[in-house]
$ cat work_33.tsv   # TSV, C-alpha atoms
chain	number	residue	atom	x	y	z
A	1	MET	CA	0.00	0.00	0.00
A	2	THR	CA	1.33	3.44	-0.91
A	3	THR	CA	1.25	6.18	1.68
A	4	PRO	CA	-0.18	9.40	0.20
A	5	GLY	CA	2.50	12.04	-0.33
A	6	MET	CA	5.34	9.60	0.25
A	7	ASN	CA	7.35	7.89	-2.48
A	8	VAL	CA	10.24	5.84	-1.15
A	9	GLY	CA	10.84	3.64	-4.18
A	10	SER	CA	10.42	-0.06	-4.67
A	11	GLY	CA	13.87	-1.15	-5.79
A	12	ALA	CA	15.46	-4.22	-4.24
A	13	PRO	CA	18.06	-3.95	-1.47
A	14	GLN	CA	21.76	-4.52	-2.13
A	15	ALA	CA	23.27	-7.99	-1.77
A	16	GLU	CA	26.47	-8.45	0.24
A	17	GLY	CA	29.52	-7.74	-1.90
A	18	GLN	CA	27.43	-6.26	-4.69
A	19	SER	CA	28.48	-2.88	-6.10
A	20	PHE	CA	26.10	0.03	-5.88
A	21	TYR	CA	26.20	0.11	-9.70
A	22	ASP	CA	24.91	-3.47	-9.94
A	23	ALA	CA	22.46	-3.11	-7.06
A	24	VAL	CA	20.61	-0.24	-8.72
A	25	GLY	CA	20.39	-1.93	-12.11
A	26	GLY	CA	23.65	-1.03	-13.84
A	27	HIS	CA	23.91	0.86	-17.11
A	28	ALA	CA	20.19	0.94	-17.87
A	29	THR	CA	19.40	2.69	-14.57
A	30	PHE	CA	22.14	5.29	-14.82
A	31	GLU	CA	21.31	6.02	-18.45
A	32	ARG	CA	17.61	6.41	-17.61
A	33	ILE	CA	18.42	8.83	-14.77
A	34	VAL	CA	20.80	10.89	-16.90
A	35	ARG	CA	18.43	11.05	-19.88
A	36	ARG	CA	15.59	12.22	-17.65
A	37	PHE	CA	17.92	14.82	-16.12
A	38	TYR	CA	19.02	16.20	-19.50
A	39	ALA	CA	15.44	16.30	-20.78
A	40	GLY	CA	14.81	18.73	-17.93
A	41	VAL	CA	18.04	20.64	-18.62
A	42	ALA	CA	16.98	21.25	-22.22
A	43	GLU	CA	13.88	23.08	-20.96
A	44	ASP	CA	15.50	24.85	-18.01
A	45	PRO	CA	15.97	28.64	-18.39
A	46	VAL	CA	19.13	28.69	-16.23
A	47	LEU	CA	20.86	25.45	-17.20
A	48	GLY	CA	19.70	25.07	-20.80
A	49	PRO	CA	21.91	27.88	-22.14
A	50	MET	CA	25.00	26.22	-20.64
A	51	TYR	CA	24.53	23.09	-22.77
A	52	PRO	CA	24.91	23.43	-26.54
A	53	GLU	CA	22.05	21.57	-28.18
A	54	GLU	CA	24.44	19.79	-30.56
A	55	ASP	CA	26.37	18.35	-27.58
A	56	MET	CA	23.42	17.21	-25.46
A	57	GLU	CA	23.99	13.57	-26.45
A	58	GLY	CA	27.70	13.91	-25.67
A	59	ALA	CA	26.89	15.41	-22.26
A	60	THR	CA	24.48	12.54	-21.63
A	61	GLN	CA	27.13	9.96	-22.45
A	62	ARG	CA	29.82	11.66	-20.35
A	63	LEU	CA	27.65	11.98	-17.23
A	64	THR	CA	26.39	8.42	-17.61
A	65	MET	CA	29.95	7.08	-17.89
A	66	PHE	CA	31.12	9.21	-14.97
A	67	LEU	CA	28.33	8.05	-12.65
A	68	GLU	CA	28.75	4.43	-13.68
A	69	GLN	CA	32.46	4.53	-12.91
A	70	TYR	CA	32.00	6.37	-9.63
A	71	TRP	CA	29.49	3.79	-8.39
A	72	GLY	CA	31.50	0.67	-9.29
A	73	GLY	CA	30.67	0.11	-12.95
A	74	PRO	CA	32.86	0.18	-16.04
A	75	THR	CA	35.88	2.50	-16.05
A	76	THR	CA	35.07	3.81	-19.53
A	77	TYR	CA	35.00	7.42	-18.37
A	78	SER	CA	38.64	7.43	-17.23
A	79	GLU	CA	39.74	5.34	-20.19
A	80	GLN	CA	38.27	7.89	-22.61
A	81	ARG	CA	38.64	11.17	-20.70
A	82	GLY	CA	41.24	10.67	-17.98
A	83	HIS	CA	40.77	11.81	-14.40
A	84	PRO	CA	37.34	13.41	-13.85
A	85	ARG	CA	38.70	16.75	-12.48
A	86	LEU	CA	35.13	17.93	-11.98
A	87	ARG	CA	35.86	21.43	-10.70
A	88	MET	CA	38.34	22.11	-13.50
A	89	ARG	CA	35.95	20.83	-16.18
A	90	HIS	CA	33.13	23.03	-14.84
A	91	GLN	CA	35.23	26.17	-14.31
A	92	PRO	CA	34.37	27.72	-17.71
A	93	PHE	CA	30.66	27.65	-16.85
A	94	HIS	CA	28.71	30.16	-14.75
A	95	VAL	CA	27.82	27.86	-11.85
A	96	ASN	CA	26.22	30.04	-9.22
A	97	PRO	CA	23.86	28.99	-6.40
A	98	GLU	CA	20.84	29.43	-8.70
A	99	ALA	CA	22.34	27.08	-11.31
A	100	ARG	CA	23.28	24.61	-8.57
A	101	ASP	CA	19.73	24.64	-7.20
A	102	HIS	CA	18.23	24.08	-10.66
A	103	TRP	CA	20.69	21.24	-11.24
A	104	ILE	CA	19.81	19.60	-7.93
A	105	ALA	CA	16.05	19.93	-8.54
A	106	LEU	CA	16.32	18.31	-11.97
A	107	MET	CA	18.54	15.55	-10.63
A	108	ARG	CA	16.16	14.89	-7.72
A	109	ASP	CA	13.34	14.43	-10.23
A	110	ALA	CA	15.49	12.12	-12.36
A	111	VAL	CA	16.57	9.98	-9.40
A	112	ALA	CA	13.01	9.82	-8.04
A	113	SER	CA	11.77	8.63	-11.44
A	114	ALA	CA	14.15	5.64	-11.25
A	115	ASP	CA	12.18	4.14	-8.33
A	116	LEU	CA	15.31	3.00	-6.49
A	117	ALA	CA	15.33	1.40	-3.07
A	118	PRO	CA	15.16	4.20	-0.47
A	119	LEU	CA	18.73	3.71	0.74
A	120	HIS	CA	20.04	3.81	-2.83
A	121	ALA	CA	18.08	6.95	-3.73
A	122	VAL	CA	19.27	8.77	-0.61
A	123	THR	CA	22.88	7.63	-1.09
A	124	LEU	CA	22.92	8.74	-4.72
A	125	MET	CA	21.29	12.11	-3.99
A	126	ASP	CA	23.64	12.75	-1.08
A	127	TYR	CA	26.62	12.40	-3.40
A	128	LEU	CA	25.00	14.40	-6.22
A	129	GLU	CA	24.03	17.27	-3.92
A	130	ARG	CA	27.50	17.46	-2.38
A	131	ALA	CA	29.05	17.41	-5.86
A	132	ALA	CA	26.69	20.17	-7.03
A	133	HIS	CA	27.61	22.36	-4.06
A	134	SER	CA	31.31	21.90	-4.83
A	135	MET	CA	30.85	23.05	-8.45
A	136	VAL	CA	29.73	26.57	-7.48
A	137	ASN	CA	32.38	28.89	-8.89
A	138	THR	CA	30.69	32.31	-8.77
A	139	PHE	CA	28.14	34.22	-6.79
A	140	GLU	CA	27.39	36.58	-9.65
A	141	PRO	CA	23.73	36.56	-10.78
A	142	THR	CA	22.69	34.38	-13.70
A	143	PRO	CA	23.39	36.24	-16.95
A	144	GLU	CA	20.34	37.57	-18.78
A	145	ASP	CA	20.07	36.33	-22.37
$ encode --input "work_33.tsv" --output "structure tokens"
Amino acid sequence: MTTPGMNVGSGAPQAEGQSFYDAVGGHATFERIVRRFYAGVAEDPVLGPMYPEEDMEGATQRLTMFLEQYWGGPTTYSEQRGHPRLRMRHQPFHVNPEARDHWIALMRDAVASADLAPLHAVTLMDYLERAAHSMVNTFEPTPED
């Protein structure tokens, strides 16, 4: 029975010795989360302008590979792109608290849509929120287009 106003997910728990990557469903789950996230980014007035439309698929692939590697999946990201160096890679972009908050909101929606086990959803969002906070590189207002 579902409690009104409460969605905690229905994913299975993690087996002993199993990676987080495998426990949440591997590539298919991470790709689904990232695609949902970027669908929101494309429509977002703050984040959308930061992502060139012609590179949206590339951004999707890079974030998917990064998350997979971070959570115990294939090491394709490092093999293709080297060390993640997240702050350095995001330095050219105007990442202020408003952009961070939009990013987190879209990622929360994407993770919630994956219907993960509660512990997995919270663990993933904890990492993603901390990472988003660390990407802030300016407190200047969002540029007007």
$ closest_residue --input "work_33.tsv" --among "A:Gln80, A:His102, A:Phe20, A:Leu67" --to "Gly40 (chain A)" --atoms "all atoms listed in the file"
A:His102
$ atom_distance --input "work_33.tsv" --atom1 "CA of Glu140 (chain A)" --atom2 "CA of Val95 (chain A)"
9.0 Å
$ axis_aligned_box --input "work_33.tsv" --around "region 40-54 of chain A" --padding-each-side "8 Å" --output "AutoDock Vina command-line options"
--center_x 19.4 --center_y 23.7 --center_z -23.4 --size_x 27.1 --size_y 26.0 --size_z 30.3
$ residues_around --input "work_33.tsv" --residues "region 31-38 of chain A" --least-positions-apart "5" --cutoff "10 Å" --atoms "only C-alpha atoms" --output "ChimeraX atom specification"
/A:26,43-44,47-48,51,56-57,59-65,67-68,103-114
$ closest_residue --input "work_33.tsv" --among "A:Asp115, A:Glu98, A:Asp22, A:Glu53" --to "Gly73 (chain A)" --atoms "all atoms listed in the file"
A:Asp22
$ closest_residue --input "work_33.tsv" --among "A:Asn96, A:Leu119, A:Val46, A:Gly82" --to "Val136 (chain A)" --atoms "only C-alpha atoms"
A:Asn96
$ residues_near_point --input "work_33.tsv" --point "(28.5, 4.8, -7.4)" --cutoff "12 Å" --atoms "all atoms listed in the file" --output "VMD selection string"
chain A and resid 18 to 27 29 to 30 64 to 75 120 to 121 123 to 128
